[in-house]
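*Asks:* Sharing protein23.json here; it has JSON, C-alpha atoms and all ligand atoms.
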```json
[["chain", "number", "residue", "atom", "x", "y", "z"],
["A", 1, "MET", "CA", -14.37, 19.34, -19.64],
["A", 2, "LYS", "CA", -17.92, 18.70, -18.48],
["A", 3, "LEU", "CA", -19.13, 15.17, -17.72],
["A", 4, "ALA", "CA", -22.47, 13.62, -16.74],
["A", 5, "ILE", "CA", -22.52, 10.67, -14.37],
["A", 6, "GLY", "CA", -25.39, 8.29, -13.60],
["A", 7, "ASN", "CA", -25.95, 5.14, -11.59],
["A", 8, "ASP", "CA", -28.53, 2.88, -10.00],
["A", 9, "HIS", "CA", -29.01, 1.82, -6.37],
["A", 10, "VAL", "CA", -26.28, -0.82, -6.59],
["A", 11, "ALA", "CA", -23.60, 1.69, -7.54],
["A", 12, "VAL", "CA", -24.15, 4.62, -5.17],
["A", 13, "ASP", "CA", -20.83, 4.30, -3.32],
["A", 14, "MET", "CA", -18.77, 3.81, -6.48],
["A", 15, "LYS", "CA", -20.54, 6.69, -8.22],
["A", 16, "LYS", "CA", -19.74, 9.01, -5.29],
["A", 17, "GLU", "CA", -16.08, 7.98, -5.29],
["A", 18, "ILE", "CA", -15.68, 8.31, -9.05],
["A", 19, "LYS", "CA", -17.45, 11.67, -9.06],
["A", 20, "GLU", "CA", -15.11, 12.98, -6.34],
["A", 21, "TYR", "CA", -12.13, 11.54, -8.16],
["A", 22, "LEU", "CA", -13.07, 13.23, -11.42],
["A", 23, "GLU", "CA", -13.74, 16.53, -9.67],
["A", 24, "SER", "CA", -10.33, 16.31, -7.97],
["A", 25, "LYS", "CA", -8.85, 16.10, -11.47],
["A", 26, "GLY", "CA", -10.62, 19.28, -12.55],
["A", 27, "TYR", "CA", -13.62, 17.86, -14.42],
["A", 28, "GLU", "CA", -17.03, 19.41, -13.93],
["A", 29, "VAL", "CA", -19.41, 16.56, -13.13],
["A", 30, "VAL", "CA", -23.22, 16.69, -13.39],
["A", 31, "ASP", "CA", -24.72, 13.91, -11.26],
["A", 32, "VAL", "CA", -28.07, 12.61, -12.54],
["A", 33, "GLY", "CA", -27.96, 9.30, -10.65],
["A", 34, "THR", "CA", -29.49, 8.24, -7.38],
["A", 35, "ASN", "CA", -27.82, 8.88, -4.03],
["A", 36, "ASN", "CA", -29.68, 6.34, -1.97],
["A", 37, "THR", "CA", -29.96, 2.58, -2.02],
["A", 38, "ASP", "CA", -33.71, 2.28, -2.60],
["A", 39, "ARG", "CA", -34.41, 0.39, -5.81],
["A", 40, "PHE", "CA", -33.76, 2.67, -8.76],
["A", 41, "ASN", "CA", -34.34, 1.55, -12.33],
["A", 42, "TYR", "CA", -31.07, 1.97, -14.25],
["A", 43, "PRO", "CA", -32.67, 3.02, -17.59],
["A", 44, "VAL", "CA", -33.63, 6.33, -15.98],
["A", 45, "SER", "CA", -30.07, 7.48, -15.33],
["A", 46, "GLY", "CA", -28.80, 5.71, -18.46],
["A", 47, "TYR", "CA", -31.24, 7.74, -20.53],
["A", 48, "LYS", "CA", -30.55, 11.03, -18.72],
["A", 49, "VAL", "CA", -26.79, 10.82, -19.23],
["A", 50, "ALA", "CA", -27.22, 9.70, -22.84],
["A", 51, "ARG", "CA", -29.62, 12.55, -23.56],
["A", 52, "MET", "CA", -27.16, 15.11, -22.18],
["A", 53, "VAL", "CA", -24.31, 13.67, -24.24],
["A", 54, "ALA", "CA", -26.38, 13.46, -27.43],
["A", 55, "ASP", "CA", -27.59, 17.04, -26.95],
["A", 56, "HIS", "CA", -24.01, 18.26, -26.30],
["A", 57, "GLU", "CA", -24.92, 19.55, -22.84],
["A", 58, "VAL", "CA", -21.84, 17.67, -21.63],
["A", 59, "ASP", "CA", -18.75, 16.36, -23.38],
["A", 60, "ALA", "CA", -19.02, 12.72, -22.26],
["A", 61, "GLY", "CA", -20.75, 10.41, -19.80],
["A", 62, "VAL", "CA", -19.98, 7.83, -17.13],
["A", 63, "LEU", "CA", -22.53, 5.16, -16.15],
["A", 64, "ILE", "CA", -22.36, 2.64, -13.32],
["A", 65, "CYS", "CA", -24.80, -0.10, -12.34],
["A", 66, "GLY", "CA", -24.24, -3.63, -11.00],
["A", 67, "THR", "CA", -22.59, -4.91, -14.17],
["A", 68, "GLY", "CA", -22.66, -1.83, -16.41],
["A", 69, "VAL", "CA", -24.74, -3.83, -18.89],
["A", 70, "GLY", "CA", -28.30, -2.64, -18.34],
["A", 71, "ILE", "CA", -27.40, 1.02, -17.98],
["A", 72, "SER", "CA", -25.25, 0.99, -21.14],
["A", 73, "LEU", "CA", -27.94, -0.86, -23.12],
["A", 74, "ALA", "CA", -30.39, 1.89, -22.19],
["A", 75, "ALA", "CA", -27.92, 4.63, -23.14],
["A", 76, "ASN", "CA", -27.18, 3.01, -26.49],
["A", 77, "LYS", "CA", -30.84, 3.37, -27.50],
["A", 78, "VAL", "CA", -30.36, 7.13, -27.76],
["A", 79, "ARG", "CA", -29.34, 8.20, -31.27],
["A", 80, "GLY", "CA", -25.67, 9.14, -31.49],
["A", 81, "ILE", "CA", -24.63, 7.32, -28.33],
["A", 82, "ARG", "CA", -21.77, 4.83, -28.33],
["A", 83, "ALA", "CA", -21.61, 3.47, -24.80],
["A", 84, "CYS", "CA", -19.20, 0.69, -23.88],
["A", 85, "VAL", "CA", -19.06, -1.53, -20.80],
["A", 86, "CYS", "CA", -15.45, -1.91, -19.69],
["A", 87, "SER", "CA", -13.86, -3.98, -16.96],
["A", 88, "ASP", "CA", -10.29, -3.12, -17.92],
["A", 89, "PRO", "CA", -8.38, 0.05, -18.84],
["A", 90, "TYR", "CA", -7.12, -1.32, -22.16],
["A", 91, "THR", "CA", -10.63, -1.82, -23.54],
["A", 92, "ALA", "CA", -11.61, 1.61, -22.27],
["A", 93, "LYS", "CA", -8.68, 3.27, -24.09],
["A", 94, "LEU", "CA", -9.26, 1.38, -27.35],
["A", 95, "SER", "CA", -12.99, 2.06, -27.20],
["A", 96, "LYS", "CA", -12.18, 5.77, -27.48],
["A", 97, "GLN", "CA", -9.33, 5.44, -30.00],
["A", 98, "HIS", "CA", -11.15, 3.08, -32.39],
["A", 99, "ASN", "CA", -14.87, 3.32, -31.63],
["A", 100, "ASN", "CA", -15.16, 6.95, -30.53],
["A", 101, "THR", "CA", -17.21, 5.99, -27.49],
["A", 102, "ASN", "CA", -18.92, 8.92, -25.84],
["A", 103, "ILE", "CA", -20.06, 7.08, -22.70],
["A", 104, "ILE", "CA", -18.06, 4.67, -20.56],
["A", 105, "ALA", "CA", -19.86, 2.18, -18.32],
["A", 106, "PHE", "CA", -18.74, -0.32, -15.71],
["A", 107, "GLY", "CA", -20.11, -2.55, -12.99],
["A", 108, "ALA", "CA", -19.84, -1.82, -9.28],
["A", 109, "ARG", "CA", -20.32, -5.54, -8.62],
["A", 110, "VAL", "CA", -17.65, -6.47, -11.14],
["A", 111, "ILE", "CA", -14.62, -4.23, -10.62],
["A", 112, "GLY", "CA", -13.04, -2.43, -7.68],
["A", 113, "ILE", "CA", -12.66, 1.30, -7.25],
["A", 114, "GLU", "CA", -8.99, 1.42, -8.28],
["A", 115, "THR", "CA", -9.73, -0.34, -11.57],
["A", 116, "ALA", "CA", -12.67, 2.01, -12.10],
["A", 117, "LYS", "CA", -10.35, 5.01, -11.64],
["A", 118, "MET", "CA", -7.85, 3.56, -14.12],
["A", 119, "ILE", "CA", -10.67, 2.97, -16.62],
["A", 120, "VAL", "CA", -11.90, 6.57, -16.49],
["A", 121, "ASP", "CA", -8.32, 7.88, -16.66],
["A", 122, "GLU", "CA", -7.41, 5.84, -19.74],
["A", 123, "TRP", "CA", -10.70, 6.64, -21.44],
["A", 124, "LEU", "CA", -10.65, 10.38, -20.77],
["A", 125, "ASN", "CA", -6.99, 10.71, -21.75],
["A", 126, "ALA", "CA", -7.39, 8.83, -25.04],
["A", 127, "SER", "CA", -8.32, 10.47, -28.34],
["A", 128, "TYR", "CA", -10.35, 9.13, -31.22],
["A", 129, "GLU", "CA", -8.02, 8.23, -34.09],
["A", 130, "GLY", "CA", -10.51, 8.63, -36.96],
["A", 131, "GLY", "CA", -9.08, 7.52, -40.31],
["A", 132, "ARG", "CA", -9.97, 3.92, -41.12],
["A", 133, "HIS", "CA", -12.08, 3.73, -37.96],
["A", 134, "GLN", "CA", -14.45, 6.40, -39.23],
["A", 135, "THR", "CA", -15.79, 4.04, -41.92],
["A", 136, "ARG", "CA", -16.87, 1.55, -39.24],
["A", 137, "VAL", "CA", -18.27, 4.19, -36.88],
["A", 138, "ASP", "CA", -20.26, 5.58, -39.82],
["A", 139, "MET", "CA", -21.59, 2.07, -40.49],
["A", 140, "ILE", "CA", -22.79, 1.81, -36.89],
["A", 141, "ALA", "CA", -24.62, 5.12, -37.36],
["A", 142, "GLU", "CA", -26.13, 3.84, -40.62],
["A", 143, "ILE", "CA", -27.59, 0.83, -38.81],
["A", 144, "GLU", "CA", -28.98, 3.17, -36.15],
["A", 145, "GLU", "CA", -30.52, 5.55, -38.70],
["A", 146, "THR", "CA", -31.85, 3.08, -41.27],
["A", 147, "GLN", "CA", -32.10, -0.27, -39.42],
["A", 148, "ASP", "CA", -30.15, -1.57, -42.40],
["A", 149, "LEU", "CA", -26.57, -1.64, -43.68],
["A", 150, "ARG", "CA", -25.89, -1.31, -47.38],
["A", 151, "ALA", "CA", -22.47, -2.97, -47.16],
["A", 152, "ALA", "CA", -24.00, -6.11, -45.65],
["A", 153, "HIS", "CA", -25.92, -6.71, -48.89],
["A", 154, "GLU", "CA", -22.84, -6.14, -51.04],
["A", 155, "GLU", "CA", -20.55, -8.73, -49.39],
["A", 201, "LIG", "C1", -29.75, -4.40, -10.25],
["A", 201, "LIG", "O1", -30.09, -5.48, -9.46],
["A", 201, "LIG", "C2", -28.92, -4.85, -11.45],
["A", 201, "LIG", "O2", -29.70, -5.61, -12.30],
["A", 201, "LIG", "C3", -28.33, -3.65, -12.17],
["A", 201, "LIG", "O3", -27.53, -2.93, -11.29],
["A", 201, "LIG", "C4", -27.45, -3.97, -13.36],
["A", 201, "LIG", "O4", -26.47, -4.89, -13.03],
["A", 201, "LIG", "C5", -28.16, -4.32, -14.61],
["A", 201, "LIG", "O5", -27.56, -4.50, -15.67]]
```
Using the file provided, produce a representation of the structure as structure tokens.

*Replies:*
Amino acid sequence: MKLAIGNDHVAVDMKKEIKEYLESKGYEVVDVGTNNTDRFNYPVSGYKVARMVADHEVDAGVLICGTGVGISLAANKVRGIRACVCSDPYTAKLSKQHNNTNIIAFGARVIGIETAKMIVDEWLNASYEGGRHQTRVDMIAEIEETQDLRAAHEE
């Protein structure tokens, strides 16, 4: 499985550790983030990882900034991306099973490295369940494509 990873200047150390951890588990990891602590605007790596996921150059993405918020917001602007900020493994797992997330994000200033490892493990080992969840994921895509949602007018 091939992954892309990205980060800003706040998350250099955590990115390096998570990249090594994923590689030790056999994942191929493409690093598009920064490797120094000079100010680095998180939308750049958020966009790069999102673009690679949306274009199927990689299977999934991992994003890390101070909180995980800014970098995931940037990624979510790319069509087809469902990026989720997680601070716990349970949310990470359910985000894959129910929401079919294709990027996981977290904050280097929010969680520690062991929690980050558990988050990526749970997320990468989970599978999308489809079924009733597909209706809702399709609705998210409809909002993205049309800036509207038919069902919202029918309620
Ligand atoms: C950088 O100071 C910080 O704003 C960034 O890492 C992230 O937390 C933004 O959401």

*Asks:* Need the shell around region 75-78 of chain A: protein/DNA/RNA residues with any atom at most 6 Å away, counting all atoms listed in the file. Skip same-chain ones fewer than 5 positions apart. Format as a PyMOL selection string?

*Replies:* chain A and resi 46-47+50+83

*Asks:* Write a file of the selected residues as a short mmCIF file (atom, residue, chain, number, x, y, z; two decimals), in the frame of the given file, keeping C-alpha atoms.

*Replies:*
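After the write, part-v3.cif holds the following:
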```
data_model
loop_
_atom_site.label_atom_id
_atom_site.label_comp_id
_atom_site.auth_asym_id
_atom_site.auth_seq_id
_atom_site.Cartn_x
_atom_site.Cartn_y
_atom_site.Cartn_z
CA GLY A 46 -28.80 5.71 -18.46
CA TYR A 47 -31.24 7.74 -20.53
CA ALA A 50 -27.22 9.70 -22.84
CA ALA A 83 -21.61 3.47 -24.80
#
```

*Asks:* Taking only C-alpha atoms and all ligand atoms into account, list the residues no farther than 10 Å from ligand LIG 201 (chain A), as a list of chain:residue names.

*Replies:* A:Asn7, A:Asp8, A:His9, A:Val10, A:Ala11, A:Arg39, A:Phe40, A:Asn41, A:Tyr42, A:Pro43, A:Ile64, A:Cys65, A:Gly66, A:Thr67, A:Gly68, A:Val69, A:Gly70, A:Ile71, A:Ser72, A:Leu73, A:Ala74, A:Phe106, A:Gly107, A:Ala108, A:Arg109, A:Val110

*Asks:* Here is a test: counting all atoms listed in the file, which residue of A:Glu57, A:Glu28, A:Glu154, A:Asp88 is nearest to Ala116 (chain A)?

*Replies:* A:Asp88

*Asks:* My list of candidates is A:Ala126, A:Ile104, A:Ile81, A:Cys86. Which is closest to Ile140 (chain A) when distances are computed with all atoms listed in the file?

*Replies:*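 Nearest to Ile140 (chain A): A:Ile81.
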
*Asks:* So the first atom is CA of Ile143 (chain A) and the second is CA of Lys93 (chain A); what is the distance between them in Å, to one decimal place?

*Replies:* 24.1 Å

*Asks:* If you count all atoms listed in the file, which residues fall within 8 Å of Val30 (chain A), apart from same-chain ones fewer than 3 positions away, as number ranges by chain?

*Replies:* A: 2-5

*Asks:* Rounded to one decimal place, report the CA of Gln97 (chain A)-CA of Cys84 (chain A) distance in Å.

*Replies:*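 For CA of Gln97 (chain A) relative to CA of Cys84 (chain A), the distance reads 12.5 Å.
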
*Asks:* To one decimal place in Å, what is the distance between CA of Met14 (chain A) and CA of Leu94 (chain A)?

*Replies:*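 Spanning CA of Met14 (chain A) to CA of Leu94 (chain A) is a straight-line distance of 23.1 Å.
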
*Asks:* Using only the atoms of region 51-62 of chain A listed in the file, plus 3 Å on each side, state the axis-aligned box centre and edge lengths in Å rounded to one decimal, as JSON.

*Replies:*
```
{"center_x": -24.2, "center_y": 13.7, "center_z": -22.3, "size_x": 16.9, "size_y": 17.7, "size_z": 16.3}
```

*Asks:* Tell me which of A:Thr101, A:Thr146, A:Thr115, A:Thr34 sits closest to Pro89 (chain A), counting only C-alpha atoms.

*Replies:* A:Thr115

*Asks:* Residues at most 12 Å from Val137 (chain A), counting only C-alpha atoms, excluding those fewer than 5 positions away in the same chain, as a PyMOL selection string?

*Replies:* chain A and resi 80-82+95-101+128-132+142-144

*Asks:* Around the point (-21.0, 10.4, -24.0) in the file's coordinates, collect all residues with an atom within 6 Å, using only C-alpha atoms, and return them as a PyMOL selection string.

*Replies:* chain A and resi 53+60-61+102-103

*Asks:* Given the choices A:Arg51, A:Ser87, A:Asp138, A:Ile113, which gets closest to Lys16 (chain A) if the distance is worked out from only C-alpha atoms?

*Replies:* A:Ile113
